[in-house]
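Before any comments, here is the structure.
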Amino acid sequence: MSGGSILIFILKIFAAVTIAILGIMAGLIYKGIDRKLAARLQSRVGPPVRQPFLDFFKLMIKENIVPENAIPWIFNGAPVLALVSTITILFYIPYGSIPALFENSGDLILIAYLLTIPAVALVTGGFSSGSTYASIGAQREMVLMISYELPLVTTIIVLGWRLNLAFPGLKVFSLAALSANPIWGIVGPLGFLGALLLLLTLAIVTPAELSIVPFDLPEAETELAGGILVEYSGRNLALFELSNAVKMIVMGSLTIILFFPYNLAPLLHLTGFLAYIVDILFFFFKLFIVIFFEATLIRVALARLKIDQASIAYLIILSTVGLSGLLLIAIDYII
Amino acid sequence: MSISTYKIPIGPIHPSLAEPMTFNFEISGERIQSVDLAPGDNHRGIEFMARNRNVVQIIYLAERICGICSASHPFAFCRAVENAAGIEVPPRAEYIRVIIAELERIHSHILWAGIAAEELGFNSVLYLSWKVREEVLDLLEMLTGNRINYGMYMVGGVRRDITEEHIPQIRKTLEYYKDAYQTLEDVFLKDPSIALRTKNVGIMTYEDALHLASVGPTARASGVKKDVRQDQPYSAYADMDIKAITPDIYSGEVNGDVFDRIIVRILEVFQSVQIIEHCIDNLPDGEILSEPKIIKLLGVLKKAKGEGVGRHEAPRGEVIHYVKLNESENPEVWKARAPTYNNLMSWLPMLQRQEVADIPIVVASIDPCIGCMDRVTLVDSNTSKEQVLTREELIKLSIEKTRRILR
Amino acid sequence: MDFLNAKDLLSFLQKNLKENIVESHLETRTAGIKKEEFHNIWLEVKREKFRDTVELLMTLQYPHIAIIAGNDNGETVDLVYLFSLFYGEKFKEISINIKVSLDREKPSIESITDLIPGAQTTEREIKEMFGVEFIGLPEMRNIFLPEDFPKDVFPFRKEQKGLDELVQKES
């Protein structure tokens, strides 16, 4: 190995650590903002914005209890797995005009798979904790996962497919290519409508990914007393909370990159270091808007659904929405 | 195909239960196969404590049976004692009693509405409802000095008068609730999200309601037009024309589901506003106590002999107190019956074949008050399958009916 | 539904139960400013005929049972069943309070849970609090007392004075 490649390797590790830490911090800050906004919408005062940090540190010093009939290595491994897989996604996301740490031809496919890992980890952790509440929660999480996977994948595939039709030979599933060529620019009016439907699909999948009301069935506090997480405490619970916070950033970023990848710097004719700063600030602003609509507002405005209702909502209604988006884009291409 | 089930206990401590109460469920997938109730986690032996207290002391004990029904229990108890000893209550006191009881109904129903929303995971509505409820608590504090546990009722009348200065404030609050009624109607009766979770959930048929002796909004939602204020009016209620509220008034049909129970309670808030308005408009002049000196009153009660029953329609249903006086310091018997005591059995047909997700809202739908109903601890550590089946046989009639409907 | 007034109801009961009624009287109450009158019925029947009385009421309308009030007066255990009939219209409802005296040494009475399922809770409570045996009560578990509560101690009997013994042990 030459000296240059070692240097790049070390730089990449350094960058990865930085992204991981910044990602976690951003996740916690956005979570705090989300809680504060939700509280204001419900005419409460709400906790301070730094509350998720306080919660995290408090949980870290608490005792970590492993139930007697749990399987320790799975039980302890699940939260680590969940956190690692969500942080990995962060490396593939371009922030503003800063390119992603890793780039490849199939980023989006990889992200779709990585997104399922935290859910799978939750399910394994829930089942292995040996509690009835957690088992019911895990069953629900599985059903929910199977239900929202189809609309989510539809959205991703359609975007890549359309891009491929427009620019054959492009690495269509790489996020860089997707963010360089936003869908709105390459489709006609019908396709525009189709893309709007796809955006709606992704926006409604997000609450289930983040397991917030109305799709917080696996945790359902009033029914299952915390459900899937009921036996988790201390450090393990803190890790799950972290991975949830990071997931919020991931899902928000995904929406931004797929649908709103525009940057501010070219518009202001900025270059160099300043452009990076402006773009990343603009990126976080967009993230704030997206999270407000995809998480906070939905959570405040709706009641929790039942598992059959949630499943039908995803498998039938939302899949239909996603597929009609596909149909519209296809028709738009043909005519 | 045989269904393999597993057991899931809800309670004695659980986020969806405000008070300790144990349910043992047999679940298959997400469906409830059978349910076994094990109350008794919150027994305080209040009737036993009353053996060493005189009548006036028991009023305050009765007030503390439940924090929400803190006007209903003393109201019913005072009426029972008055019936037993033959004490006449001045008309003004009768009207003030009704005003306080109806204010309590408003606060209790809105409190329940908030809890129901929380059970559905709809926190925004919880905060909205409880914000609306604050107004009536402020009014109660102004009238009685306390937000709960009002200390208003006394054998032979009430302890505090409603003066001229109070009237404008009461009217202002009533206007507020007329506006708030619109909000509550929009939020609870027209919201698709709530309708989705409550329609056709936790059904109790008319027959079940009758056979299981249900009371209050629980019975009325199943179409039983039973309301003490209408059937056997007392105090100021006798001067009004009160009609028991059933859900067909609003929706034209009676399903006996959770949604119907919401309808009944929301409409009763409005009914209470009208009752209080009538009371203020026609408030008679005069004394508020038949015997202001408590020592003298106790002397009368000490010599009294007789039995009396006091009934009052509390927010949750009929409260009934039985008192037997036997020429002694303390009453010989005092039996208090809270509405949840009778509605307890209603859970069995309601919960049959429901989903796990429906447990909280169905349990909450009868507005349970475990503190009112409960007596002593019951530890039920090894409920065997056989026992559950025995219980099933016991209410076979009602279960079969429920199943037939759900099929 | 036919509404009977209290006087007719009482004479109907007297006609059917004849000498099995130990004591009966009408209670007259007034309500409201206009002092409108209504009546309640107090009845004491023989233990053997209690179930027949309830069955008799059921021929009129499905009776609503509120609760059973128990009283251990030192010689007998008295139960007062609080029933009501004819709900639905103003001043039409009649409270019927039926008293039954039971032998204090071995109190027993026929259960009415099979007639009115809603009576189960209150019968179970009286069973464990007063030691009254309800013949035909299908659910024998304690409802409010712990399962391991001594079988021969009945908390609401007159001889029970509360927690004294236990409190002494603690201190």
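Ordered as shown in the structure tokens, chains take letters A, B, and onward, while each chain numbers its residues from 1 and ligands are numbered from 1 in the order shown.
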
Using only C-alpha atoms, which protein or nucleic acid residues come within 8 Å of segment 91-106 of chain B? Drop anything in the same chain fewer than 4 positions from it, and give the result as a PyMOL selection string. (chain B and resi 68-69+71-72+75+110+133+136+140+152-153+157-158+161-162+235-237+268-269+272-273+275-276+279+283-289+314-315) or (chain C and resi 32-33)

Mind writing the picked residues with N, CA and C atoms as a tab-separated table (two decimals), in the first residue's frame?
```
chain	number	residue	atom	x	y	z
B	68	ILE	N	-62.80	12.13	41.79
B	68	ILE	CA	-63.59	12.74	40.73
B	68	ILE	C	-65.06	12.85	41.15
B	69	CYS	N	-65.56	11.80	41.83
B	69	CYS	CA	-66.96	11.83	42.27
B	69	CYS	C	-67.07	12.46	43.64
B	71	ALA	N	-68.39	15.05	44.66
B	71	ALA	CA	-69.68	15.66	44.99
B	71	ALA	C	-70.75	14.58	45.05
B	72	SER	N	-70.60	13.53	44.24
B	72	SER	CA	-71.66	12.54	44.10
B	72	SER	C	-71.84	11.71	45.36
B	75	PHE	N	-73.34	13.68	48.24
B	75	PHE	CA	-74.72	14.00	47.85
B	75	PHE	C	-75.62	12.81	48.16
B	110	ILE	N	-65.26	15.69	30.75
B	110	ILE	CA	-64.18	16.20	29.89
B	110	ILE	C	-62.86	15.54	30.29
B	133	ARG	N	-61.10	21.72	30.46
B	133	ARG	CA	-61.60	21.34	31.78
B	133	ARG	C	-61.17	22.34	32.87
B	136	VAL	N	-63.79	24.92	34.39
B	136	VAL	CA	-64.81	24.52	35.37
B	136	VAL	C	-64.16	24.28	36.73
B	140	LEU	N	-65.28	25.96	40.19
B	140	LEU	CA	-65.55	25.19	41.41
B	140	LEU	C	-64.70	25.69	42.56
B	152	MET	N	-68.90	20.69	50.24
B	152	MET	CA	-70.09	21.53	50.14
B	152	MET	C	-71.29	20.89	50.85
B	153	TYR	N	-71.34	19.59	50.85
B	153	TYR	CA	-72.58	18.93	51.26
B	153	TYR	C	-72.61	18.72	52.76
B	157	GLY	N	-78.59	20.21	53.91
B	157	GLY	CA	-78.34	21.37	53.06
B	157	GLY	C	-76.93	21.42	52.52
B	158	VAL	N	-76.43	22.64	52.34
B	158	VAL	CA	-75.06	22.81	51.88
B	158	VAL	C	-74.34	23.76	52.81
B	161	ASP	N	-72.97	29.25	50.47
B	161	ASP	CA	-74.02	29.80	49.61
B	161	ASP	C	-73.41	30.26	48.29
B	162	ILE	N	-74.27	30.31	47.27
B	162	ILE	CA	-73.86	30.96	46.02
B	162	ILE	C	-74.42	32.37	46.06
B	235	SER	N	-84.10	16.55	44.50
B	235	SER	CA	-83.60	17.92	44.58
B	235	SER	C	-84.22	18.80	43.49
B	236	ALA	N	-83.37	19.58	42.82
B	236	ALA	CA	-83.89	20.49	41.81
B	236	ALA	C	-84.25	19.78	40.51
B	237	TYR	N	-83.78	18.56	40.35
B	237	TYR	CA	-84.06	17.85	39.10
B	237	TYR	C	-85.55	17.64	38.91
B	268	GLU	N	-73.95	14.91	27.26
B	268	GLU	CA	-74.29	15.19	28.65
B	268	GLU	C	-73.60	16.44	29.18
B	269	VAL	N	-72.45	16.75	28.64
B	269	VAL	CA	-71.79	18.01	29.02
B	269	VAL	C	-72.72	19.17	28.70
B	272	SER	N	-75.70	19.27	31.01
B	272	SER	CA	-75.36	19.83	32.31
B	272	SER	C	-75.37	21.35	32.26
B	273	VAL	N	-74.83	21.90	31.18
B	273	VAL	CA	-74.81	23.36	31.04
B	273	VAL	C	-76.23	23.90	31.12
B	275	ILE	N	-78.83	22.46	32.54
B	275	ILE	CA	-79.38	22.28	33.88
B	275	ILE	C	-78.90	23.38	34.80
B	276	ILE	N	-77.60	23.69	34.73
B	276	ILE	CA	-77.07	24.73	35.62
B	276	ILE	C	-77.71	26.08	35.29
B	279	CYS	N	-81.00	26.22	36.87
B	279	CYS	CA	-80.87	26.38	38.32
B	279	CYS	C	-80.56	27.81	38.70
B	283	LEU	N	-83.06	30.13	40.96
B	283	LEU	CA	-82.53	29.90	42.29
B	283	LEU	C	-83.44	30.51	43.36
B	284	PRO	N	-84.06	29.69	44.23
B	284	PRO	CA	-84.96	30.25	45.23
B	284	PRO	C	-84.19	30.93	46.36
B	285	ASP	N	-84.88	31.82	47.07
B	285	ASP	CA	-84.26	32.47	48.22
B	285	ASP	C	-84.48	31.60	49.45
B	286	GLY	N	-83.74	31.92	50.50
B	286	GLY	CA	-83.99	31.23	51.76
B	286	GLY	C	-82.74	30.67	52.38
B	287	GLU	N	-82.98	29.80	53.34
B	287	GLU	CA	-81.88	29.21	54.08
B	287	GLU	C	-81.11	28.22	53.20
B	288	ILE	N	-79.88	27.90	53.62
B	288	ILE	CA	-79.16	26.85	52.90
B	288	ILE	C	-78.95	25.63	53.78
B	289	LEU	N	-79.30	25.73	55.05
B	289	LEU	CA	-79.16	24.57	55.93
B	289	LEU	C	-80.41	24.47	56.81
B	314	ALA	N	-74.40	10.09	39.35
B	314	ALA	CA	-73.05	10.64	39.25
B	314	ALA	C	-72.64	10.63	37.78
B	315	PRO	N	-71.54	11.31	37.44
B	315	PRO	CA	-71.09	11.30	36.04
B	315	PRO	C	-70.96	9.90	35.46
C	32	GLY	N	-88.60	18.41	44.82
C	32	GLY	CA	-88.77	19.66	44.09
C	32	GLY	C	-89.56	20.70	44.85
C	33	ILE	N	-89.66	21.88	44.25
C	33	ILE	CA	-90.37	22.99	44.90
C	33	ILE	C	-91.86	22.68	44.98
```

I want to know what sits within 8 Å of segment 93-107 of chain C, based on only C-alpha atoms, with residues of the same chain fewer than 4 positions away left out; could you give that as a PyMOL selection string? (chain B and resi 231-232) or (chain C and resi 5-6+39-47+50+72+74-89+131-133)

Interface residues on chain B facing chain A, 10 Å, only C-alpha atoms, written as a PyMOL selection string: chain B and resi 6-10+13-17+29-30+117-128+131+191-194+196-197+355-361

Could the residues in this selection be written to a file with C-alpha atoms, as a compact mmCIF listing (two decimals), in the first residue's frame?
```txt
# COMPACT_ATOMS: atom_id res chain seq x y z
CA TYR B 6 -50.90 -17.20 25.58
CA LYS B 7 -51.56 -15.23 28.71
CA ILE B 8 -50.97 -11.55 29.08
CA PRO B 9 -51.61 -9.74 32.33
CA ILE B 10 -52.61 -6.09 32.25
CA ILE B 13 -49.80 -1.34 37.33
CA HIS B 14 -50.00 -0.40 33.68
CA PRO B 15 -49.71 2.90 31.78
CA SER B 16 -53.25 2.69 30.51
CA LEU B 17 -54.73 2.18 33.97
CA GLY B 29 -52.41 -13.51 17.91
CA GLU B 30 -53.92 -10.10 18.46
CA ALA B 117 -57.90 10.26 23.66
CA GLU B 118 -54.68 9.38 25.41
CA GLU B 119 -55.58 5.68 25.32
CA LEU B 120 -55.92 6.06 21.57
CA GLY B 121 -52.45 7.61 21.38
CA PHE B 122 -53.97 10.98 20.51
CA ASN B 123 -52.10 13.24 22.89
CA SER B 124 -53.05 16.53 21.24
CA VAL B 125 -56.69 15.90 22.11
CA LEU B 126 -55.74 15.00 25.67
CA TYR B 127 -54.12 18.39 26.15
CA LEU B 128 -56.97 20.18 24.44
CA LYS B 131 -57.28 22.75 28.92
CA ASP B 191 -62.73 13.26 13.56
CA PRO B 192 -62.16 10.26 11.26
CA SER B 193 -59.16 9.12 13.26
CA ILE B 194 -61.21 8.67 16.45
CA LEU B 196 -61.79 4.57 13.05
CA ARG B 197 -60.64 3.42 16.47
CA GLU B 355 -57.86 -6.87 19.71
CA VAL B 356 -55.06 -6.15 22.14
CA ALA B 357 -54.93 -2.63 20.77
CA ASP B 358 -58.53 -2.10 21.86
CA ILE B 359 -58.01 -3.07 25.50
CA PRO B 360 -57.13 0.42 26.78
CA ILE B 361 -59.98 2.24 25.11
```

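Relative to atom CA of Leu26 of chain C, atom CA of Leu56 of chain C is found at 18.5 Å.
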
With DSSP run on the backbone, what are the helix (DSSP H, G or I) residues within segment 300-341 of chain B? I'd like them as a ChimeraX atom specification. /B:300-303,339-341

I want to know what sits within 6 Å of Ser233 of chain A, based on only C-alpha atoms, with residues of the same chain fewer than 2 positions away left out; could you give that as a list in words? Asn64, Asn236 and Leu237 of chain A

Could you write those residues out with C-alpha atoms, as an mmCIF file, in the first residue's frame?
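Resulting contents of part_28.cif:
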```cif
data_model
loop_
_atom_site.group_PDB
_atom_site.id
_atom_site.type_symbol
_atom_site.label_atom_id
_atom_site.label_comp_id
_atom_site.auth_asym_id
_atom_site.auth_seq_id
_atom_site.Cartn_x
_atom_site.Cartn_y
_atom_site.Cartn_z
ATOM 1 C CA ASN A 64 -28.430 -1.948 32.514
ATOM 2 C CA ASN A 236 -29.102 -0.477 25.769
ATOM 3 C CA LEU A 237 -32.125 1.778 25.785
#
```

Counting only C-alpha atoms, give me one row per residue of chain C with an atom at most 7 Å from an atom of chain B, showing the shortest contact pair and its distance in Å to one decimal, sorted by chain then residue number, as a Markdown table.
```
| residue | atom | partner | partner_atom | distance |
| --- | --- | --- | --- | --- |
| C:Ala31 | CA | B:Tyr234 | CA | 5.2 |
| C:Gly32 | CA | B:Ala238 | CA | 4.9 |
| C:Ile33 | CA | B:Pro91 | CA | 6.5 |
| C:His64 | CA | B:Ala213 | CA | 5.6 |
| C:Ile65 | CA | B:Ala213 | CA | 6.2 |
| C:Ile67 | CA | B:Arg337 | CA | 6.8 |
| C:Ala69 | CA | B:Lys335 | CA | 5.9 |
| C:Asn71 | CA | B:Val333 | CA | 6.3 |
| C:Tyr87 | CA | B:Asp231 | CA | 5.6 |
| C:Gly88 | CA | B:Lys225 | CA | 5.4 |
| C:Glu89 | CA | B:Asp231 | CA | 5.3 |
| C:Lys90 | CA | B:Asp231 | CA | 4.7 |
| C:Phe91 | CA | B:Gln232 | CA | 4.8 |
| C:Lys92 | CA | B:Asp231 | CA | 6.0 |
| C:Glu93 | CA | B:Asp231 | CA | 5.2 |
| C:Ile116 | CA | B:His211 | CA | 5.6 |
| C:Pro117 | CA | B:Leu212 | CA | 5.4 |
| C:Gly118 | CA | B:Leu212 | CA | 3.7 |
| C:Pro138 | CA | B:Leu394 | CA | 6.6 |
| C:Glu139 | CA | B:Arg391 | CA | 6.8 |
| C:Ile143 | CA | B:Pro39 | CA | 6.5 |
| C:Phe144 | CA | B:Gly40 | CA | 4.2 |
| C:Leu145 | CA | B:Val376 | CA | 5.0 |
| C:Pro146 | CA | B:Leu378 | CA | 3.7 |
| C:Glu147 | CA | B:Leu378 | CA | 5.9 |
```

Write out as an MDAnalysis selection string all residues of chain C that DSSP puts in strand (DSSP E) for this structure's backbone. chainID C and resid 21:31 36:45 64:72 76:85 94:103 108:110 133:135

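Using only C-alpha atoms, the protein and nucleic acid residues lying no more than 12 Å from Phe57 of chain A, apart from those fewer than 6 places from it along its own chain, are Leu28, Arg50, Gln51, Gly234, Arg235, Leu237, Ala238, Leu239, Glu241 and Leu242 of chain A.
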
Those selected residues, please, written with C-alpha atoms and delivered as a tab-separated table (two decimals), in the first residue's frame.
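This went into part20.tsv:
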```
chain	number	residue	atom	x	y	z
A	28	LEU	CA	-30.59	14.59	19.16
A	50	ARG	CA	-31.41	19.92	25.00
A	51	GLN	CA	-33.70	17.41	26.71
A	234	GLY	CA	-29.86	1.91	30.82
A	235	ARG	CA	-27.17	1.79	28.14
A	237	LEU	CA	-32.12	1.78	25.79
A	238	ALA	CA	-29.88	4.81	25.28
A	239	LEU	CA	-28.40	3.16	22.17
A	241	GLU	CA	-32.82	6.09	21.42
A	242	LEU	CA	-29.68	7.21	19.61
```

With a distance cut-off of 9 Å and only C-alpha atoms, select the neighbouring residues of Ile109 of chain A, excluding the residue or stretch itself and same-chain residues fewer than 2 positions from it, and output the selection as a ChimeraX atom specification. /A:106-107,111-114,153,156-157,173-174

The selected residues should be written to file as a compact mmCIF listing (two decimals), in the first residue's frame (atoms: N, CA and C atoms).
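Result went into result_24.txt, see below:
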```txt
# COMPACT_ATOMS: atom_id res chain seq x y z
N GLY A 106 -24.63 1.50 -6.32
CA GLY A 106 -25.92 1.05 -5.79
C GLY A 106 -26.24 1.57 -4.41
N ASP A 107 -25.84 2.83 -4.13
CA ASP A 107 -26.03 3.37 -2.79
C ASP A 107 -27.46 3.21 -2.27
N ILE A 111 -28.91 1.44 1.01
CA ILE A 111 -29.61 2.17 2.07
C ILE A 111 -30.94 1.50 2.38
N ALA A 112 -31.66 1.08 1.33
CA ALA A 112 -32.95 0.41 1.55
C ALA A 112 -32.76 -0.82 2.42
N TYR A 113 -31.64 -1.54 2.18
CA TYR A 113 -31.39 -2.73 3.02
C TYR A 113 -30.96 -2.33 4.42
N LEU A 114 -30.07 -1.33 4.50
CA LEU A 114 -29.58 -0.92 5.81
C LEU A 114 -30.71 -0.40 6.70
N VAL A 153 -39.87 0.79 -1.31
CA VAL A 153 -39.04 0.32 -2.41
C VAL A 153 -39.60 0.81 -3.74
N ILE A 156 -38.22 4.22 -4.43
CA ILE A 156 -36.80 4.23 -4.78
C ILE A 156 -36.58 3.73 -6.20
N ILE A 157 -37.23 2.59 -6.50
CA ILE A 157 -37.03 1.96 -7.82
C ILE A 157 -37.51 2.89 -8.94
N PHE A 173 -28.56 4.46 -9.32
CA PHE A 173 -28.90 4.28 -7.92
C PHE A 173 -27.88 4.91 -6.99
N SER A 174 -26.96 5.68 -7.55
CA SER A 174 -26.04 6.39 -6.66
C SER A 174 -26.69 7.70 -6.27
```

Which residues are close to Leu351 of chain B, i.e. within 12 Å by only C-alpha atoms, leaving aside same-chain residues fewer than 4 positions away? Reply as an mmCIF file with C-alpha atoms, in the first residue's frame.
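Dumped everything to part_36.cif:
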```cif
data_model
loop_
_atom_site.group_PDB
_atom_site.id
_atom_site.type_symbol
_atom_site.label_atom_id
_atom_site.label_comp_id
_atom_site.auth_asym_id
_atom_site.auth_seq_id
_atom_site.Cartn_x
_atom_site.Cartn_y
_atom_site.Cartn_z
ATOM 1 C CA PHE B 23 -56.969 -8.181 33.976
ATOM 2 C CA ASN B 24 -55.774 -11.591 32.865
ATOM 3 C CA PHE B 25 -56.148 -12.055 29.151
ATOM 4 C CA GLU B 26 -55.924 -15.152 27.003
ATOM 5 C CA ILE B 27 -54.640 -13.928 23.664
ATOM 6 C CA ARG B 31 -57.379 -11.359 19.499
ATOM 7 C CA ILE B 32 -58.637 -11.730 23.038
ATOM 8 C CA GLN B 33 -60.015 -15.215 23.652
ATOM 9 C CA SER B 34 -61.065 -14.777 27.245
ATOM 10 C CA VAL B 35 -60.675 -12.318 30.051
ATOM 11 C CA ASP B 36 -60.603 -12.683 33.794
ATOM 12 C CA LEU B 37 -61.026 -9.737 36.112
ATOM 13 C CA ASN B 200 -67.754 -1.184 16.357
ATOM 14 C CA VAL B 201 -65.288 -1.619 19.190
ATOM 15 C CA GLY B 202 -66.253 -2.906 22.628
ATOM 16 C CA ILE B 203 -69.883 -3.539 21.845
ATOM 17 C CA MET B 204 -72.385 -4.185 24.621
ATOM 18 C CA ASP B 257 -69.895 0.655 21.005
ATOM 19 C CA VAL B 258 -67.214 2.942 22.374
ATOM 20 C CA LEU B 344 -67.400 -4.090 36.262
ATOM 21 C CA MET B 345 -69.163 -7.023 34.660
ATOM 22 C CA SER B 346 -69.818 -5.024 31.496
ATOM 23 C CA TRP B 347 -66.154 -5.435 30.603
ATOM 24 C CA GLU B 355 -57.865 -6.873 19.707
ATOM 25 C CA VAL B 356 -55.055 -6.152 22.138
ATOM 26 C CA ALA B 357 -54.933 -2.627 20.771
ATOM 27 C CA ASP B 358 -58.533 -2.097 21.860
ATOM 28 C CA ILE B 359 -58.007 -3.070 25.497
ATOM 29 C CA PRO B 360 -57.126 0.421 26.777
ATOM 30 C CA ILE B 361 -59.978 2.242 25.105
ATOM 31 C CA VAL B 362 -62.556 -0.426 25.947
ATOM 32 C CA VAL B 363 -61.439 -0.511 29.565
ATOM 33 C CA ALA B 364 -61.533 3.267 29.703
ATOM 34 C CA SER B 365 -64.882 3.458 27.936
ATOM 35 C CA ILE B 366 -66.943 2.693 31.032
ATOM 36 C CA SER B 398 -73.849 -12.512 27.274
ATOM 37 C CA ILE B 399 -70.759 -13.874 25.549
ATOM 38 C CA THR B 402 -71.622 -10.766 21.732
ATOM 39 C CA ARG B 403 -70.077 -13.452 19.553
ATOM 40 C CA LEU B 406 -69.354 -9.946 16.021
#
```

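Atom CA of Ile65 of chain B lies 17.7 Å from atom CA of Glu125 of chain C.
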
One decimal place gives the atom CA of Thr18 of chain A-atom CA of Ser253 of chain A separation as 17.5 Å

Any idea what's packed within 9 Å of segment 31-34 of chain A, counting only C-alpha atoms, ignoring anything in its chain fewer than 5 positions away? Could you give it as a ChimeraX atom specification? /A:26,39,47-53,245,248,288,291-292,295-296
